[in-house]
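Reading through the structure tokens given below for one structure.
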Amino acid sequence: MGIIREIKGFIGAMKPVMAEFESFAKSLEDGTFAYSTPRTALRDVGVRLVSAVTRTDFRKLEPELEQLAQSVLCWVARPSVISMLRRSLREDKGQIVDMAAEALVPPSPEEEISAEDEACLRAANTYLDKLHRQLPYAAFAIIPKLPIWTPNFIWDVCRLVHLQREARTATGEHRAHALEALARHVTEYIHQRYVQALDFSELLVGQQEPPKRQASYGGVVRTLAAQGSLTQGLVHPDASMLRNAASHIERWHVDDETWTITIKDGHGPGKERRYTMDELDALCEQLVRESLSFGLALFHHVTEHVVELAVDTRLLEVILAHMAGQAVEPELEQAEHRALSARFAPLRKRWAELHP
């Protein structure tokens, strides 16, 4: 009963903070979040959260929470509980990974997964499977190289939502302008991040030395598109052309009689494509889909390998024992360290080659 009282006290103290989180989540769900001014809107959310935390006196709960955490860790670190956890992970491995993926991006009950979404996700999973066969646990090295770990990425995603809405609701000349802004944003701030991660992935499993400077977005797209089946379904070949056209006035032409848009690459004669506005909107969606699918597949792979390590090794015992403040047999810890080092040795070697 003491533990229950401590948990109830913690939940009660956290109510102001949780109320702000719920309000923010609701604004995202019902579409009332100010996507057109995300920096201002998120700054306001941060101010309200800080205010709620300031009003919460965590000092009263600190001793009880520390004791509660220690009790829970000691219970979880029991050999019988660890054995049960490992058995559950082994039997329900796929389900656990799927649940983790759904927690990252919950499925919408109103929308079914499209064939295009499935194809992109399948291509990304196939690619990451290939990487793992070439260099075990390569996905762990790709995650820190995926350039999404900055606040700017959050602003860019919110801005993307705003531009997508404008491109879908506008008509005529307004829509042509909205599509130009969307194309520029998608290629420059969303898809380019994904392409950079894919470029690093290819470098990671290749034999070449790291380049003196990072290849351009267009150069990477053209290289990947030229590889055929190796990266089939991962990068749309018109991505670099779309980026160049949306960034240069002379390469983006709107026909106001047919409301079609011609984009030009600028890298030689004859490199141009003509799209209806619906087709161009679909191309932008395809580039967003490629980026999202790769991120989801990467998260899926890392989660799957973490579960694999928990099942196949005794790393779980060592980590939980340390967290619970319990003694660990030196032989066990040394044996697990050697086993883990052997699994990650090829990746560590290649990482050291790329980061001398």
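Labels used: A, B, ... for chains in the order of the structure tokens, numbers from 1 for residues in each chain, and numbers from 1 for ligands as shown.
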
How would you write, as a PyMOL selection string, the set of residues in segment 111-307 of chain A that DSSP gives as strand (DSSP E or B)? chain A and resi 252-255+260-264+272-276

Create the file for the chosen residues now, containing all heavy atoms and written as a CSV table (one decimal), in the first residue's frame.
chain,number,residue,atom,x,y,z
A,252,TRP,N,12.0,26.9,-63.2
A,252,TRP,CA,10.6,26.6,-62.7
A,252,TRP,C,9.7,27.4,-63.6
A,252,TRP,O,9.6,28.6,-63.4
A,252,TRP,CB,10.5,26.9,-61.2
A,252,TRP,CG,9.1,26.6,-60.6
A,252,TRP,CD1,8.0,27.3,-60.7
A,252,TRP,CD2,8.8,25.5,-59.8
A,252,TRP,NE1,7.0,26.7,-60.1
A,252,TRP,CE2,7.4,25.6,-59.5
A,252,TRP,CE3,9.5,24.4,-59.4
A,252,TRP,CZ2,6.8,24.7,-58.7
A,252,TRP,CZ3,8.9,23.5,-58.6
A,252,TRP,CH2,7.6,23.6,-58.2
A,253,HIS,N,8.9,26.7,-64.5
A,253,HIS,CA,8.0,27.4,-65.4
A,253,HIS,C,6.6,26.9,-65.2
A,253,HIS,O,6.3,25.7,-65.2
A,253,HIS,CB,8.5,27.2,-66.8
A,253,HIS,CG,7.5,27.8,-67.8
A,253,HIS,ND1,7.4,29.1,-68.0
A,253,HIS,CD2,6.6,27.2,-68.7
A,253,HIS,CE1,6.5,29.4,-68.9
A,253,HIS,NE2,6.0,28.2,-69.3
A,254,VAL,N,5.7,27.9,-65.0
A,254,VAL,CA,4.3,27.6,-64.8
A,254,VAL,C,3.5,28.0,-66.0
A,254,VAL,O,3.6,29.2,-66.5
A,254,VAL,CB,3.7,28.4,-63.6
A,254,VAL,CG1,2.2,28.1,-63.4
A,254,VAL,CG2,4.5,28.0,-62.3
A,255,ASP,N,2.8,27.1,-66.6
A,255,ASP,CA,1.9,27.4,-67.8
A,255,ASP,C,0.5,27.7,-67.2
A,255,ASP,O,-0.2,26.8,-66.7
A,255,ASP,CB,1.9,26.1,-68.7
A,255,ASP,CG,1.1,26.4,-70.0
A,255,ASP,OD1,0.2,27.2,-70.0
A,255,ASP,OD2,1.5,25.8,-71.0
A,260,THR,N,0.1,23.6,-65.8
A,260,THR,CA,1.2,22.5,-65.6
A,260,THR,C,2.5,23.3,-65.2
A,260,THR,O,2.6,24.5,-65.5
A,260,THR,CB,1.4,21.7,-66.9
A,260,THR,OG1,1.7,22.6,-68.0
A,260,THR,CG2,0.1,20.9,-67.2
A,261,ILE,N,3.4,22.5,-64.6
A,261,ILE,CA,4.7,23.1,-64.2
A,261,ILE,C,5.8,22.3,-64.8
A,261,ILE,O,5.8,21.0,-64.7
A,261,ILE,CB,4.8,23.1,-62.7
A,261,ILE,CG1,3.6,23.9,-62.1
A,261,ILE,CG2,6.1,23.6,-62.2
A,261,ILE,CD1,3.5,23.9,-60.6
A,262,THR,N,6.7,23.0,-65.5
A,262,THR,CA,7.9,22.3,-66.0
A,262,THR,C,9.1,22.6,-65.2
A,262,THR,O,9.3,23.8,-64.9
A,262,THR,CB,8.2,22.8,-67.5
A,262,THR,OG1,7.0,22.5,-68.3
A,262,THR,CG2,9.4,22.1,-68.1
A,263,ILE,N,9.8,21.6,-64.7
A,263,ILE,CA,11.0,21.8,-63.9
A,263,ILE,C,12.2,21.4,-64.7
A,263,ILE,O,12.2,20.4,-65.5
A,263,ILE,CB,10.9,21.0,-62.6
A,263,ILE,CG1,10.8,19.5,-62.8
A,263,ILE,CG2,9.8,21.5,-61.8
A,263,ILE,CD1,10.9,18.7,-61.6
A,264,LYS,N,13.3,22.1,-64.6
A,264,LYS,CA,14.5,21.9,-65.3
A,264,LYS,C,15.7,21.6,-64.3
A,264,LYS,O,15.7,22.3,-63.3
A,264,LYS,CB,14.9,23.0,-66.2
A,264,LYS,CG,13.8,23.2,-67.3
A,264,LYS,CD,14.2,24.4,-68.2
A,264,LYS,CE,13.1,24.6,-69.3
A,264,LYS,NZ,13.5,25.7,-70.2
A,272,GLU,N,14.5,17.9,-68.2
A,272,GLU,CA,13.3,18.6,-67.7
A,272,GLU,C,12.2,17.6,-67.6
A,272,GLU,O,12.1,16.6,-68.3
A,272,GLU,CB,13.0,19.8,-68.6
A,272,GLU,CG,12.6,19.5,-70.0
A,272,GLU,CD,12.2,20.7,-70.8
A,272,GLU,OE1,13.0,21.7,-70.7
A,272,GLU,OE2,11.1,20.8,-71.4
A,273,ARG,N,11.2,18.0,-66.8
A,273,ARG,CA,10.0,17.2,-66.6
A,273,ARG,C,8.8,18.1,-66.5
A,273,ARG,O,8.9,19.2,-66.0
A,273,ARG,CB,10.0,16.4,-65.3
A,273,ARG,CG,11.2,15.4,-65.2
A,273,ARG,CD,10.9,14.1,-66.0
A,273,ARG,NE,11.9,13.1,-65.7
A,273,ARG,CZ,13.1,13.0,-66.2
A,273,ARG,NH1,13.4,13.9,-67.2
A,273,ARG,NH2,14.0,12.1,-65.9
A,274,ARG,N,7.7,17.6,-67.1
A,274,ARG,CA,6.5,18.4,-67.0
A,274,ARG,C,5.4,17.7,-66.2
A,274,ARG,O,5.2,16.5,-66.4
A,274,ARG,CB,5.9,18.7,-68.4
A,274,ARG,CG,4.7,19.6,-68.5
A,274,ARG,CD,4.3,19.8,-69.9
A,274,ARG,NE,3.3,20.9,-70.0
A,274,ARG,CZ,2.7,21.2,-71.2
A,274,ARG,NH1,3.1,20.6,-72.3
A,274,ARG,NH2,1.8,22.2,-71.2
A,275,TYR,N,4.9,18.4,-65.2
A,275,TYR,CA,3.9,17.9,-64.2
A,275,TYR,C,2.6,18.7,-64.2
A,275,TYR,O,2.7,19.9,-64.3
A,275,TYR,CB,4.5,17.9,-62.8
A,275,TYR,CG,5.7,16.9,-62.6
A,275,TYR,CD1,7.0,17.3,-62.7
A,275,TYR,CD2,5.4,15.6,-62.1
A,275,TYR,CE1,8.0,16.5,-62.4
A,275,TYR,CE2,6.5,14.8,-61.9
A,275,TYR,CZ,7.8,15.2,-62.0
A,275,TYR,OH,8.8,14.3,-61.8
A,276,THR,N,1.6,18.0,-64.0
A,276,THR,CA,0.4,18.7,-63.5
A,276,THR,C,0.6,19.0,-62.1
A,276,THR,O,1.5,18.5,-61.4
A,276,THR,CB,-0.9,17.8,-63.7
A,276,THR,OG1,-0.8,16.7,-62.7
A,276,THR,CG2,-1.1,17.3,-65.1

Which value, in Å to one decimal, gives the distance between atom CA of Lys130 of chain A and atom CA of Arg289 of chain A? 20.7 Å

What does the distance from atom CA of Leu128 of chain A to atom CA of Ser293 of chain A come to in Å, to one decimal?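 Computed distance, atom CA of Leu128 of chain A to atom CA of Ser293 of chain A, equals 11.6 Å.
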
Residues near Ser201 of chain A, anyone? I mean within 8 Å using only C-alpha atoms, not counting same-chain ones fewer than 6 positions away, as a compact mmCIF listing (two decimals) with all heavy atoms, in the first residue's frame.
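Saved result, part.txt, follows:
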# COMPACT_ATOMS: atom_id res chain seq x y z
N LEU A 131 22.45 -3.99 -45.16
CA LEU A 131 23.53 -3.33 -44.42
C LEU A 131 23.98 -4.18 -43.23
O LEU A 131 25.17 -4.30 -42.96
CB LEU A 131 23.07 -1.96 -43.92
CG LEU A 131 22.92 -0.82 -44.92
CD1 LEU A 131 22.65 0.48 -44.18
CD2 LEU A 131 24.13 -0.67 -45.80
N ALA A 138 25.02 -2.04 -38.15
CA ALA A 138 25.29 -0.76 -38.83
C ALA A 138 24.24 0.29 -38.46
O ALA A 138 24.55 1.49 -38.41
CB ALA A 138 25.32 -0.97 -40.34
N ILE A 142 24.15 4.62 -37.84
CA ILE A 142 23.43 5.55 -38.73
C ILE A 142 22.61 6.54 -37.92
O ILE A 142 22.49 7.72 -38.30
CB ILE A 142 22.53 4.78 -39.70
CG1 ILE A 142 23.36 3.83 -40.57
CG2 ILE A 142 21.74 5.72 -40.60
CD1 ILE A 142 22.54 2.88 -41.40
